[in-house]
>>> print(open('entry-v9.txt').read())   # compact mmCIF, C-alpha atoms
# COMPACT_ATOMS: atom_id res chain seq x y z
CA MET A 12 -105.72 20.18 -75.03
CA ASN A 13 -107.92 22.76 -76.71
CA HIS A 14 -108.45 26.24 -75.43
CA LYS A 15 -112.11 25.86 -74.49
CA LYS A 16 -111.43 22.83 -72.31
CA GLN A 17 -108.56 24.58 -70.57
CA SER A 18 -110.68 27.57 -69.63
CA SER A 19 -113.43 25.29 -68.32
CA PHE A 20 -110.85 23.61 -66.05
CA LYS A 21 -109.81 27.03 -64.85
CA GLY A 22 -113.41 27.77 -63.95
CA GLN A 23 -113.65 24.46 -62.15
CA ALA A 24 -110.45 25.27 -60.23
CA THR A 25 -111.87 28.59 -59.06
CA TRP A 26 -115.21 27.06 -58.07
CA SER A 27 -113.53 24.15 -56.34
CA GLY A 28 -111.41 26.49 -54.21
CA LEU A 29 -114.28 28.86 -53.41
CA LEU A 30 -116.65 26.04 -52.43
CA PHE A 31 -114.05 24.32 -50.29
CA GLY A 32 -113.13 27.59 -48.57
CA ILE A 33 -116.77 28.44 -47.81
CA GLY A 34 -117.44 24.90 -46.54
CA LEU A 35 -114.28 24.78 -44.44
CA MET A 36 -115.04 28.06 -42.69
CA ALA A 37 -118.62 26.95 -42.03
CA LEU A 38 -117.22 23.78 -40.46
CA VAL A 39 -114.67 25.71 -38.38
CA ASP A 40 -117.46 28.03 -37.20
CA GLU A 41 -119.56 25.03 -36.18
CA ILE A 42 -116.78 23.12 -34.42
CA ILE A 43 -115.00 25.98 -32.65
CA PHE A 44 -117.72 28.49 -31.86
CA HIS A 45 -120.77 26.25 -31.49
CA GLN A 46 -119.27 23.06 -30.02
CA LEU A 47 -115.91 23.77 -28.33
CA LEU A 48 -116.27 27.32 -27.02
CA GLN A 49 -120.09 27.27 -27.02
CA TRP A 50 -120.10 31.03 -27.58
CA HIS A 51 -122.64 30.82 -30.41
CA HIS A 52 -126.09 29.71 -29.35
CA PHE A 53 -128.01 27.05 -31.24
CA TYR A 54 -131.05 29.30 -31.07
CA ASP A 55 -131.21 33.02 -30.37
CA TRP A 56 -134.67 34.10 -29.23
CA ASP A 57 -134.28 37.49 -30.91
CA THR A 58 -133.82 35.95 -34.37
CA PRO A 59 -136.55 36.77 -36.91
CA PHE A 60 -137.92 33.89 -38.99
CA ILE A 61 -136.03 35.01 -42.09
CA GLY A 62 -132.80 34.60 -40.10
CA ILE A 63 -133.65 30.99 -39.19
CA MET A 64 -134.39 30.29 -42.84
CA SER A 65 -131.25 31.79 -44.30
CA ASP A 66 -129.11 30.14 -41.60
CA GLY A 67 -130.54 26.68 -42.35
CA LEU A 68 -130.03 27.03 -46.08
CA LEU A 69 -126.55 28.51 -45.71
CA ASN A 70 -125.37 25.73 -43.41
CA ALA A 71 -126.78 23.09 -45.73
CA PHE A 72 -124.94 24.77 -48.59
CA GLY A 73 -121.74 24.87 -46.51
CA LEU A 74 -121.84 21.14 -45.88
CA PHE A 75 -122.37 20.45 -49.57
CA ALA A 76 -119.69 22.96 -50.60
CA LEU A 77 -117.05 21.31 -48.42
CA VAL A 78 -117.53 17.89 -50.03
CA ALA A 79 -118.16 19.11 -53.58
CA GLY A 80 -115.11 21.40 -53.49
CA LEU A 81 -112.87 18.50 -52.54
CA PHE A 82 -114.25 16.16 -55.20
CA MET A 83 -113.81 18.88 -57.84
CA PHE A 84 -110.24 19.36 -56.65
CA ALA A 85 -109.59 15.61 -56.85
CA ASP A 86 -110.91 15.63 -60.41
CA LEU A 87 -108.52 18.43 -61.40
CA ARG A 88 -105.58 16.72 -59.69
CA ARG A 89 -106.07 13.47 -61.58
CA ARG A 90 -106.05 15.46 -64.80
CA GLN A 91 -102.95 17.29 -63.56
CA THR A 92 -104.48 20.63 -64.44
CA ILE A 93 -104.13 22.38 -61.09
CA SER A 94 -101.41 23.17 -58.60
CA LEU A 95 -101.86 23.80 -54.87
CA ARG A 96 -100.60 27.33 -55.40
CA GLN A 97 -103.30 28.03 -57.94
CA TRP A 98 -105.92 26.57 -55.64
CA ALA A 99 -104.89 28.53 -52.55
CA SER A 100 -106.22 31.91 -53.65
CA PRO A 101 -109.85 30.90 -54.26
CA VAL A 102 -109.73 28.87 -51.02
CA PHE A 103 -108.73 31.96 -49.03
CA ILE A 104 -111.32 34.08 -50.81
CA GLY A 105 -113.94 31.43 -49.95
CA LEU A 106 -112.84 31.39 -46.29
CA ALA A 107 -113.07 35.17 -46.19
CA GLY A 108 -116.42 35.13 -47.98
CA PHE A 109 -118.03 32.94 -45.35
CA GLN A 110 -116.38 34.77 -42.45
CA LEU A 111 -117.51 38.21 -43.66
CA PHE A 112 -120.99 37.05 -44.69
CA ASP A 113 -121.41 35.40 -41.29
CA GLY A 114 -119.98 38.41 -39.44
CA ILE A 115 -121.95 41.10 -41.24
CA ILE A 116 -125.14 39.59 -42.68
CA ASN A 117 -125.79 36.73 -40.23
CA HIS A 118 -124.66 38.27 -36.97
CA LYS A 119 -125.59 41.91 -37.54
CA LEU A 120 -128.35 42.19 -40.14
CA LEU A 121 -130.28 38.93 -39.62
CA ARG A 122 -129.23 38.58 -35.96
CA ILE A 123 -129.08 34.76 -36.16
CA HIS A 124 -126.82 34.70 -33.13
CA GLN A 125 -124.02 36.86 -31.71
CA VAL A 126 -120.32 36.00 -31.52
CA ARG A 127 -120.56 35.85 -27.74
CA TYR A 128 -123.20 36.52 -25.12
CA ASN A 129 -123.20 38.46 -21.85
CA VAL A 130 -120.18 40.55 -22.87
CA ASP A 131 -119.62 43.76 -24.78
CA VAL A 132 -119.91 42.29 -28.28
CA LEU A 133 -118.25 45.14 -30.22
CA PRO A 134 -114.58 44.01 -29.87
CA TYR A 135 -115.65 40.48 -30.81
CA ASP A 136 -117.47 41.73 -33.91
CA LEU A 137 -114.48 43.83 -34.91
CA ALA A 138 -112.01 40.95 -34.41
CA TRP A 139 -114.33 38.66 -36.36
CA ASN A 140 -114.61 40.91 -39.40
CA ILE A 141 -111.01 42.14 -39.39
CA PHE A 142 -109.94 38.50 -39.48
CA GLY A 143 -112.25 38.08 -42.48
CA VAL A 144 -110.68 41.05 -44.25
CA ILE A 145 -107.16 39.68 -43.59
CA LEU A 146 -108.18 36.36 -45.17
CA LEU A 147 -109.55 38.26 -48.15
CA ILE A 148 -106.32 40.24 -48.57
CA ILE A 149 -104.26 37.03 -48.44
CA GLY A 150 -106.51 35.51 -51.10
CA LEU A 151 -106.19 38.54 -53.38
CA LEU A 152 -102.41 38.73 -52.89
CA LEU A 153 -102.07 35.06 -53.80
CA LEU A 154 -104.18 35.66 -56.89
CA TYR A 155 -102.02 38.61 -57.89
CA THR A 156 -98.64 36.86 -57.39
CA GLU A 157 -99.87 33.72 -59.09
CA LYS A 158 -101.03 35.69 -62.14
CA ARG A 159 -97.79 37.65 -62.29
CA GLY A 160 -95.74 34.47 -61.92
CA ARG A 161 -97.59 32.95 -64.86
CA ARG A 162 -97.13 36.04 -67.02
CA SER A 163 -93.36 36.14 -66.42
CA ASN A 164 -93.08 32.46 -67.38
CA MET B 10 -150.29 8.94 -22.52
CA HIS B 11 -152.56 6.09 -23.63
CA ASP B 12 -155.52 4.29 -22.08
CA MET B 13 -155.92 0.53 -22.09
CA ASP B 14 -157.81 0.15 -25.38
CA ASN B 15 -155.29 2.33 -27.04
CA MET B 16 -152.43 0.23 -25.62
CA THR B 17 -153.80 -2.93 -27.21
CA SER B 18 -154.16 -1.33 -30.61
CA PHE B 19 -150.62 0.06 -30.43
CA LEU B 20 -149.40 -3.46 -29.59
CA MET B 21 -151.22 -4.70 -32.70
CA PHE B 22 -149.36 -2.11 -34.74
CA GLU B 23 -146.06 -3.27 -33.27
CA ALA B 24 -146.91 -6.87 -34.14
CA ALA B 25 -147.76 -5.90 -37.72
CA ALA B 26 -144.50 -3.97 -38.09
CA ALA B 27 -142.49 -6.88 -36.67
CA PHE B 28 -144.22 -9.24 -39.12
CA LEU B 29 -143.38 -6.98 -42.08
CA ALA B 30 -139.74 -6.67 -40.96
CA LEU B 31 -139.39 -10.43 -40.64
CA GLY B 32 -140.95 -10.84 -44.09
CA ALA B 33 -138.42 -8.39 -45.55
CA LEU B 34 -135.54 -10.21 -43.88
CA VAL B 35 -136.64 -13.57 -45.31
CA LEU B 36 -137.76 -12.43 -48.75
CA TYR B 37 -134.48 -10.76 -49.72
CA PRO B 38 -132.23 -13.86 -49.51
CA VAL B 39 -134.94 -15.90 -51.23
CA LEU B 40 -134.96 -13.44 -54.14
CA ALA B 41 -131.16 -13.49 -54.18
CA HIS B 42 -131.27 -17.26 -54.43
CA PHE B 43 -133.45 -17.09 -57.56
CA ALA B 44 -131.42 -14.22 -59.04
CA ASN B 45 -128.16 -16.12 -58.56
CA ARG B 46 -129.38 -18.91 -60.83
CA ARG B 47 -129.29 -16.62 -63.84
CA HIS B 48 -126.92 -13.81 -62.91
CA ARG B 49 -123.59 -13.04 -61.31
CA ARG B 50 -123.65 -13.78 -57.59
CA TRP B 51 -125.50 -11.13 -55.58
CA SER B 52 -122.86 -9.61 -53.33
CA VAL B 53 -122.71 -10.28 -49.60
CA TYR B 54 -122.39 -6.65 -48.59
CA ARG B 55 -125.80 -5.89 -50.09
CA HIS B 56 -127.26 -8.59 -47.82
CA VAL B 57 -125.58 -6.82 -44.91
CA PHE B 58 -126.98 -3.41 -45.91
CA TRP B 59 -130.46 -4.84 -46.35
CA THR B 60 -130.39 -6.49 -42.93
CA LEU B 61 -129.10 -3.33 -41.23
CA GLY B 62 -131.72 -1.25 -43.04
CA VAL B 63 -134.59 -3.49 -41.99
CA LEU B 64 -133.30 -3.60 -38.42
CA SER B 65 -132.96 0.15 -38.17
CA ALA B 66 -136.50 0.70 -39.47
CA ALA B 67 -137.79 -2.03 -37.15
CA ALA B 68 -136.02 -0.52 -34.13
CA ALA B 69 -138.08 2.63 -34.62
CA LEU B 70 -141.37 0.72 -34.71
CA VAL B 71 -140.96 -2.34 -32.48
CA GLY B 72 -139.52 -2.93 -29.04
CA PRO B 73 -138.13 -0.76 -26.24
CA LEU B 74 -137.05 2.22 -28.36
CA ALA B 75 -140.44 2.41 -30.08
CA ARG B 76 -142.25 2.28 -26.71
CA MET B 77 -140.08 4.93 -25.11
CA ALA B 78 -140.71 7.13 -28.14
CA HIS B 79 -144.35 7.52 -27.05
CA SER B 80 -143.40 9.53 -23.99
CA ASP B 81 -139.84 10.73 -24.69
CA PHE B 82 -139.47 13.24 -27.54
CA THR B 83 -135.70 12.78 -27.91
CA VAL B 84 -136.16 9.03 -28.38
CA HIS B 85 -138.98 9.78 -30.81
CA MET B 86 -136.53 11.91 -32.82
CA LEU B 87 -133.96 9.12 -32.80
CA GLY B 88 -136.69 6.88 -34.21
CA HIS B 89 -137.42 9.48 -36.89
CA LEU B 90 -133.73 9.49 -37.93
CA LEU B 91 -133.67 5.69 -38.06
CA LEU B 92 -136.97 5.23 -39.90
CA GLY B 93 -137.01 8.22 -42.22
CA MET B 94 -133.33 8.72 -43.04
CA LEU B 95 -130.95 5.90 -42.11
CA ALA B 96 -133.12 2.91 -43.03
CA PRO B 97 -134.02 4.28 -46.50
CA LEU B 98 -130.34 4.89 -47.32
CA LEU B 99 -129.23 1.43 -46.15
CA LEU B 100 -132.09 -0.28 -47.97
CA LEU B 101 -131.47 1.66 -51.19
CA VAL B 102 -127.79 0.66 -51.17
CA ALA B 103 -128.98 -2.98 -51.08
CA ARG B 104 -130.68 -2.34 -54.48
CA PRO B 105 -133.94 -4.20 -53.84
CA MET B 106 -135.49 -3.24 -57.19
CA THR B 107 -132.52 -4.53 -59.17
CA LEU B 108 -132.67 -7.76 -57.21
CA LEU B 109 -136.40 -8.12 -57.80
CA MET B 110 -135.93 -7.59 -61.55
CA ARG B 111 -133.27 -10.28 -61.63
CA ALA B 112 -135.32 -12.76 -59.63
CA LEU B 113 -138.55 -12.33 -61.58
CA HIS B 114 -139.50 -14.20 -64.69
CA VAL B 115 -138.98 -12.02 -67.73
CA GLN B 116 -142.69 -11.41 -68.31
CA HIS B 117 -143.25 -10.32 -64.74
CA ALA B 118 -140.14 -8.17 -64.85
CA ARG B 119 -141.54 -6.40 -67.90
CA ARG B 120 -144.78 -5.73 -66.07
CA LEU B 121 -142.81 -4.32 -63.14
CA SER B 122 -140.80 -2.12 -65.46
CA LYS B 123 -144.04 -0.82 -66.96
CA LEU B 124 -145.25 -0.03 -63.45
CA LEU B 125 -142.05 1.88 -62.67
CA ASN B 126 -142.61 3.95 -65.79
CA TYR B 127 -146.12 5.06 -64.88
CA ARG B 128 -146.47 8.80 -65.02
CA TYR B 129 -147.51 8.78 -61.36
CA VAL B 130 -144.29 7.03 -60.31
CA HIS B 131 -142.22 9.46 -62.37
CA PHE B 132 -144.05 12.34 -60.73
CA ILE B 133 -143.60 11.29 -57.10
CA SER B 134 -139.97 10.33 -57.64
CA HIS B 135 -139.10 13.70 -59.17
CA PRO B 136 -136.46 15.13 -56.78
CA ALA B 137 -138.45 18.28 -55.97
CA VAL B 138 -141.75 16.44 -55.46
CA ALA B 139 -140.11 13.76 -53.30
CA SER B 140 -138.48 16.50 -51.19
CA VAL B 141 -141.80 18.24 -50.62
CA LEU B 142 -143.45 14.93 -49.67
CA ASN B 143 -140.58 14.20 -47.29
CA ILE B 144 -139.76 17.54 -45.63
CA GLY B 145 -143.20 19.08 -46.16
CA GLY B 146 -144.71 16.04 -44.45
CA LEU B 147 -142.44 16.61 -41.46
CA PHE B 148 -143.55 20.24 -41.20
CA LEU B 149 -147.17 19.00 -41.10
CA ILE B 150 -146.38 16.45 -38.39
CA TYR B 151 -144.48 18.74 -36.04
CA LYS B 152 -145.99 22.15 -36.76
CA THR B 153 -149.69 21.23 -36.71
CA GLY B 154 -151.63 19.19 -34.15
CA LEU B 155 -150.75 15.94 -35.97
CA PHE B 156 -147.95 14.96 -33.59
CA THR B 157 -150.26 15.14 -30.59
CA ALA B 158 -153.16 13.53 -32.45
CA MET B 159 -151.10 10.55 -33.63
CA HIS B 160 -150.62 9.38 -30.04
CA THR B 161 -154.35 8.99 -29.57
CA SER B 162 -155.24 7.21 -32.83
CA VAL B 163 -153.36 4.10 -33.87
CA TRP B 164 -154.47 4.53 -37.50
CA LEU B 165 -153.04 8.00 -37.67
CA PHE B 166 -149.90 6.73 -35.94
CA ALA B 167 -149.51 3.94 -38.52
CA LEU B 168 -150.24 6.24 -41.44
CA ILE B 169 -147.69 8.82 -40.33
CA HIS B 170 -144.96 6.25 -39.73
CA VAL B 171 -145.56 4.56 -43.07
CA HIS B 172 -145.47 7.99 -44.72
CA VAL B 173 -142.22 8.98 -42.99
CA PHE B 174 -140.54 5.78 -44.16
CA LEU B 175 -141.87 5.82 -47.73
CA ALA B 176 -141.26 9.53 -48.25
CA GLY B 177 -137.75 9.12 -46.84
CA TYR B 178 -137.07 6.26 -49.25
CA LEU B 179 -138.54 8.15 -52.20
CA PHE B 180 -136.43 11.19 -51.38
CA THR B 181 -133.21 9.18 -51.01
CA MET B 182 -133.73 7.33 -54.31
CA SER B 183 -134.59 10.57 -56.11
CA ILE B 184 -131.29 12.18 -55.03
CA VAL B 185 -128.75 9.36 -55.40
CA TYR B 186 -129.08 6.90 -58.27
CA ILE B 187 -128.04 3.56 -56.82
CA ASP B 188 -130.94 1.26 -57.68
CA ILE B 189 -132.99 1.20 -60.90
CA THR B 190 -133.82 4.78 -61.93
CA THR B 191 -136.26 5.32 -64.78
CA ARG B 192 -135.93 9.06 -65.16
CA ARG B 193 -132.72 10.92 -64.43
CA TYR B 194 -131.92 14.50 -63.56
CA SER B 195 -128.54 16.25 -63.68
CA PHE B 196 -126.10 16.32 -60.76
CA LEU B 197 -126.44 20.07 -60.35
CA TYR B 198 -130.23 19.88 -60.20
CA ARG B 199 -130.19 17.13 -57.58
CA ALA B 200 -127.49 18.96 -55.62
CA VAL B 201 -129.62 22.11 -55.44
CA VAL B 202 -132.69 20.13 -54.36
CA LEU B 203 -130.64 18.26 -51.73
CA ILE B 204 -129.27 21.53 -50.30
CA ILE B 205 -132.75 23.06 -50.08
CA ALA B 206 -134.21 19.89 -48.51
CA LEU B 207 -131.40 19.69 -45.96
CA GLY B 208 -131.79 23.41 -45.30
CA PHE B 209 -135.48 23.04 -44.52
CA HIS B 210 -134.75 20.04 -42.30
CA LYS B 211 -132.48 22.36 -40.30
CA ILE B 212 -135.05 25.14 -40.31
CA LEU B 213 -137.70 22.73 -39.00
CA SER B 214 -135.44 21.49 -36.22
CA LYS B 215 -134.84 25.08 -35.07
CA LEU B 216 -138.56 25.80 -35.13
CA ILE B 217 -139.13 22.68 -33.02
CA TYR B 218 -136.43 23.91 -30.63
CA ALA B 219 -138.28 27.21 -30.27
CA ALA B 220 -141.72 25.66 -29.94
CA PRO B 221 -141.94 21.89 -29.42
CA PRO B 222 -145.24 20.13 -30.23
CA GLU B 223 -147.97 20.38 -27.62
CA GLY B 224 -147.41 18.18 -24.59
CA VAL B 225 -143.63 17.94 -25.08
CA PRO B 226 -141.64 19.55 -22.21
CA GLN B 227 -139.38 22.41 -23.32
CA THR B 228 -136.03 20.76 -22.43
CA ASP B 229 -137.00 17.44 -23.99
CA GLY B 230 -138.12 19.29 -27.12
CA GLN B 231 -134.81 21.17 -27.31
CA THR B 232 -132.67 18.04 -26.97
CA GLY B 233 -134.81 16.30 -29.58
CA ALA B 234 -134.52 19.26 -31.95
CA MET B 235 -130.73 19.31 -31.66
CA LEU B 236 -130.58 15.57 -32.29
CA MET B 237 -132.69 16.13 -35.40
CA TYR B 238 -130.37 18.94 -36.55
CA TYR B 239 -127.04 17.17 -36.11
CA GLY B 240 -128.28 13.64 -36.79
CA GLY B 241 -129.75 14.92 -40.04
CA ASP B 242 -126.34 16.39 -40.89
CA VAL B 243 -124.62 13.03 -40.48
CA ILE B 244 -126.97 11.15 -42.80
CA ASP B 245 -127.20 13.98 -45.32
CA LEU B 246 -123.40 14.13 -45.35
CA ALA B 247 -123.45 10.49 -46.47
CA LEU B 248 -125.92 11.43 -49.24
CA ILE B 249 -123.71 14.36 -50.30
CA ILE B 250 -120.61 12.16 -50.42
CA ILE B 251 -122.39 9.51 -52.50
CA LEU B 252 -123.77 12.14 -54.90
CA CYS B 253 -120.38 13.85 -55.33
CA SER B 254 -118.46 10.60 -55.73
CA GLN B 255 -120.90 9.58 -58.47
CA TRP B 256 -120.20 12.89 -60.20
CA TYR B 257 -116.48 12.18 -59.80
CA GLN B 258 -116.81 8.73 -61.33
CA SER B 259 -118.90 10.04 -64.20
CA ARG B 260 -116.07 12.42 -65.12
CA THR B 261 -113.33 9.81 -65.23
CA PRO B 262 -111.09 10.96 -68.10
CA LYS B 263 -111.16 8.59 -71.05
CA PRO B 264 -107.74 7.19 -71.95
CA ALA B 265 -106.37 9.04 -74.97
CA VAL B 266 -106.93 7.25 -78.27
CA ARG B 267 -103.76 6.87 -80.28
>>> encode(input="entry-v9.txt", output="structure tokens")
Amino acid sequence: MNHKKQSSFKGQATWSGLLFGIGLMALVDEIIFHQLLQWHHFYDWDTPFIGIMSDGLLNAFGLFALVAGLFMFADLRRRQTISLRQWASPVFIGLAGFQLFDGIINHKLLRIHQVRYNVDVLPYDLAWNIFGVILLIIGLLLLYTEKRGRRSN
Amino acid sequence: MHDMDNMTSFLMFEAAAAFLALGALVLYPVLAHFANRRHRRWSVYRHVFWTLGVLSAAAALVGPLARMAHSDFTVHMLGHLLLGMLAPLLLLVARPMTLLMRALHVQHARRLSKLLNYRYVHFISHPAVASVLNIGGLFLIYKTGLFTAMHTSVWLFALIHVHVFLAGYLFTMSIVYIDITTRRYSFLYRAVVLIIALGFHKILSKLIYAAPPEGVPQTDGQTGAMLMYYGGDVIDLALIIILCSQWYQSRTPKPAVR
């Protein structure tokens, strides 16, 4: 296999993981916080129009990302050019990306909806974003160990 | 909602829709019969998809569901999902244009192919244009007085429902290439258009939740809007899966030449 092709597969592996991670977290957000707990509201009357717009587009992107990420992963697997270990770090970074974007931009800046209503929201916001940071750290650690493992080989 | 005169004309519309649906149900197997004389047997599952597609469009226009839709916004929204999203997808999977090409005499098929290559047809089946016709049309229906007006004029009612169906079909065929496609766009391009179209479908359903069309009670409007939001997700998920699996198939590695 030539070098150019190999690096394009590496790019595909990163994108596949990131997209799947973003899509998975969007799905988890929808299922747990909107449907099961019903903490998030479908519509928050304080939301400005720009918030409604960005939320619609982001959720549409999340749905697409979930499916596209998996198909890209399947394509890499059949070519035997990716291992689960390699895939894990972009997945975690994608999970963290959605969590932090949702927690900071969506909840705080655009005020699409809050984590929970009729309570002091600060501890919830902190827990939300700290969880996001932990996911990010896991993703970066995996990236680091994976790179080091490859170098020592 | 309607006076007597109006009732009769809406019944006429129902009769016309039922007649068209019956025609579609009969015509398809007849075409398949002619196509089978010259080609490989037209598969049974396409007959099933066609029948389901026609039935789901018809359910939105004829019978109890269609009548309840006049006064119940949530049922109206269910009808919108059936007519504008589900029926087009099912019908497209049945590949009616391919079947027609096979059934027609070669000279007529050539004429049809010429028709499909008209600049106008290329233009309206461009993914971005089809999306604007589809989603933009919905914004006009629900965010202007059109929704209220269509319940007083049967012509407007017919026009809007025909538009919703045709625009839905055009959109579906511009995003996933299942039937004959004369001009093709890349996967990435169609994916971006699909995401934006789905996004605006979600945006519209939230706007309807906040402010339902005139005459629709708040709670009914909210239930309808949520049905639109999540129902749209289900059908668009099917579109996304088809689009991605076509990308996957197109990248099948070629066996190494030795």
>>> atom_distance(input="entry-v9.txt", atom1="atom CA of Met94 of chain B", atom2="atom CA of Gly177 of chain B")
5.8 Å
>>> interface_residues(input="entry-v9.txt", of="chain B", to="chain A", cutoff="6 Å", atoms="only C-alpha atoms", output="ChimeraX atom specification")
/B:204,207-208,211-212,253
>>> atom_distance(input="entry-v9.txt", atom1="atom CA of Val63 of chain B", atom2="atom CA of Leu109 of chain B")
16.6 Å
>>> atom_distance(input="entry-v9.txt", atom1="atom CA of Arg122 of chain A", atom2="atom CA of Ile33 of chain A")
20.0 Å
>>> residues_around(input="entry-v9.txt", residues="Arg111 of chain B", least_positions_apart="6", cutoff="10 Å", atoms="only C-alpha atoms", output="compact mmCIF listing (two decimals) with C-alpha atoms, in the coordinates of the input")
# COMPACT_ATOMS: atom_id res chain seq x y z
CA LEU B 40 -134.96 -13.44 -54.14
CA ALA B 41 -131.16 -13.49 -54.18
CA PHE B 43 -133.45 -17.09 -57.56
CA ALA B 44 -131.42 -14.22 -59.04
CA ASN B 45 -128.16 -16.12 -58.56
CA ARG B 46 -129.38 -18.91 -60.83
CA ARG B 47 -129.29 -16.62 -63.84
CA HIS B 48 -126.92 -13.81 -62.91
CA TRP B 51 -125.50 -11.13 -55.58
CA PRO B 105 -133.94 -4.20 -53.84
CA ALA B 118 -140.14 -8.17 -64.85
>>> closest_residue(input="entry-v9.txt", among="A:Asp40, A:Phe84, A:Ser19, A:Gln110", to="Trp98 of chain A", atoms="all atoms listed in the file")
A:Phe84
>>> closest_residue(input="entry-v9.txt", among="A:Gly105, A:Pro134, A:Gly34, A:Pro59", to="Asn117 of chain A", atoms="all atoms listed in the file")
A:Pro59
>>> closest_residue(input="entry-v9.txt", among="B:Val57, B:Met235, B:Leu70, B:Leu149", to="Phe28 of chain B", atoms="all atoms listed in the file")
B:Leu70
>>> residues_near_point(input="entry-v9.txt", point="(-140.7, 22.0, -35.7)", cutoff="10 Å", atoms="all atoms listed in the file", output="NGL selection string")
:B and (147-153 or 210-222 or 230 or 234 or 237)
>>> residues_around(input="entry-v9.txt", residues="segment 136-141 of chain A", least_positions_apart="4", cutoff="7 Å", atoms="only C-alpha atoms", output="compact mmCIF listing (two decimals) with C-alpha atoms, in the frame of the given file")
# COMPACT_ATOMS: atom_id res chain seq x y z
CA LEU A 111 -117.51 38.21 -43.66
CA GLY A 114 -119.98 38.41 -39.44
CA VAL A 126 -120.32 36.00 -31.52
CA VAL A 132 -119.91 42.29 -28.28
CA ILE A 145 -107.16 39.68 -43.59
>>> residues_near_point(input="entry-v9.txt", point="(-136.1, -10.2, -45.2)", cutoff="12 Å", atoms="only C-alpha atoms", output="JSON, numbers by chain")
{"B": [27, 28, 29, 30, 31, 32, 33, 34, 35, 36, 37, 38, 39, 40, 41, 56, 57, 58, 59, 60, 61, 62, 63, 64, 67, 100, 103, 105]}
>>> write_last_selection(input="entry-v9.txt", atoms="C-alpha atoms", output="tab-separated table (two decimals), keeping the file's coordinate frame")
chain	number	residue	atom	x	y	z
B	27	ALA	CA	-142.49	-6.88	-36.67
B	28	PHE	CA	-144.22	-9.24	-39.12
B	29	LEU	CA	-143.38	-6.98	-42.08
B	30	ALA	CA	-139.74	-6.67	-40.96
B	31	LEU	CA	-139.39	-10.43	-40.64
B	32	GLY	CA	-140.95	-10.84	-44.09
B	33	ALA	CA	-138.42	-8.39	-45.55
B	34	LEU	CA	-135.54	-10.21	-43.88
B	35	VAL	CA	-136.64	-13.57	-45.31
B	36	LEU	CA	-137.76	-12.43	-48.75
B	37	TYR	CA	-134.48	-10.76	-49.72
B	38	PRO	CA	-132.23	-13.86	-49.51
B	39	VAL	CA	-134.94	-15.90	-51.23
B	40	LEU	CA	-134.96	-13.44	-54.14
B	41	ALA	CA	-131.16	-13.49	-54.18
B	56	HIS	CA	-127.26	-8.59	-47.82
B	57	VAL	CA	-125.58	-6.82	-44.91
B	58	PHE	CA	-126.98	-3.41	-45.91
B	59	TRP	CA	-130.46	-4.84	-46.35
B	60	THR	CA	-130.39	-6.49	-42.93
B	61	LEU	CA	-129.10	-3.33	-41.23
B	62	GLY	CA	-131.72	-1.25	-43.04
B	63	VAL	CA	-134.59	-3.49	-41.99
B	64	LEU	CA	-133.30	-3.60	-38.42
B	67	ALA	CA	-137.79	-2.03	-37.15
B	100	LEU	CA	-132.09	-0.28	-47.97
B	103	ALA	CA	-128.98	-2.98	-51.08
B	105	PRO	CA	-133.94	-4.20	-53.84
>>> closest_residue(input="entry-v9.txt", among="A:Ser27, A:Thr58, A:Ser163, A:Gln125", to="Leu87 of chain A", atoms="only C-alpha atoms")
A:Ser27
>>> decode(input="entry-v9.txt", residues="segment 74-83 of chain B", atoms="N, CA and C atoms", output="PDB file, in the first residue's frame")
ATOM      1  N   LEU B  74     -58.632   9.116   8.535  1.00  0.00           N
ATOM      2  CA  LEU B  74     -57.486   9.915   8.945  1.00  0.00           C
ATOM      3  C   LEU B  74     -57.536  11.293   8.275  1.00  0.00           C
ATOM      4  N   ALA B  75     -57.806  11.284   6.965  1.00  0.00           N
ATOM      5  CA  ALA B  75     -57.855  12.530   6.205  1.00  0.00           C
ATOM      6  C   ALA B  75     -58.947  13.448   6.752  1.00  0.00           C
ATOM      7  N   ARG B  76     -60.099  12.869   7.170  1.00  0.00           N
ATOM      8  CA  ARG B  76     -61.188  13.717   7.671  1.00  0.00           C
ATOM      9  C   ARG B  76     -60.867  14.279   9.034  1.00  0.00           C
ATOM     10  N   MET B  77     -60.254  13.438   9.891  1.00  0.00           N
ATOM     11  CA  MET B  77     -59.884  13.935  11.219  1.00  0.00           C
ATOM     12  C   MET B  77     -58.838  15.036  11.111  1.00  0.00           C
ATOM     13  N   ALA B  78     -58.012  14.958  10.058  1.00  0.00           N
ATOM     14  CA  ALA B  78     -56.934  15.936   9.902  1.00  0.00           C
ATOM     15  C   ALA B  78     -57.465  17.358   9.748  1.00  0.00           C
ATOM     16  N   HIS B  79     -58.742  17.491   9.326  1.00  0.00           N
ATOM     17  CA  HIS B  79     -59.302  18.837   9.147  1.00  0.00           C
ATOM     18  C   HIS B  79     -59.434  19.567  10.476  1.00  0.00           C
ATOM     19  N   SER B  80     -59.717  18.813  11.537  1.00  0.00           N
ATOM     20  CA  SER B  80     -59.955  19.491  12.814  1.00  0.00           C
ATOM     21  C   SER B  80     -58.887  19.180  13.858  1.00  0.00           C
ATOM     22  N   ASP B  81     -58.082  18.141  13.638  1.00  0.00           N
ATOM     23  CA  ASP B  81     -57.091  17.732  14.632  1.00  0.00           C
ATOM     24  C   ASP B  81     -55.684  17.930  14.059  1.00  0.00           C
ATOM     25  N   PHE B  82     -54.912  18.847  14.648  1.00  0.00           N
ATOM     26  CA  PHE B  82     -53.623  19.216  14.083  1.00  0.00           C
ATOM     27  C   PHE B  82     -52.615  18.068  14.154  1.00  0.00           C
ATOM     28  N   THR B  83     -52.675  17.277  15.240  1.00  0.00           N
ATOM     29  CA  THR B  83     -51.736  16.162  15.375  1.00  0.00           C
ATOM     30  C   THR B  83     -51.966  15.137  14.272  1.00  0.00           C
TER      31      THR B  83
END
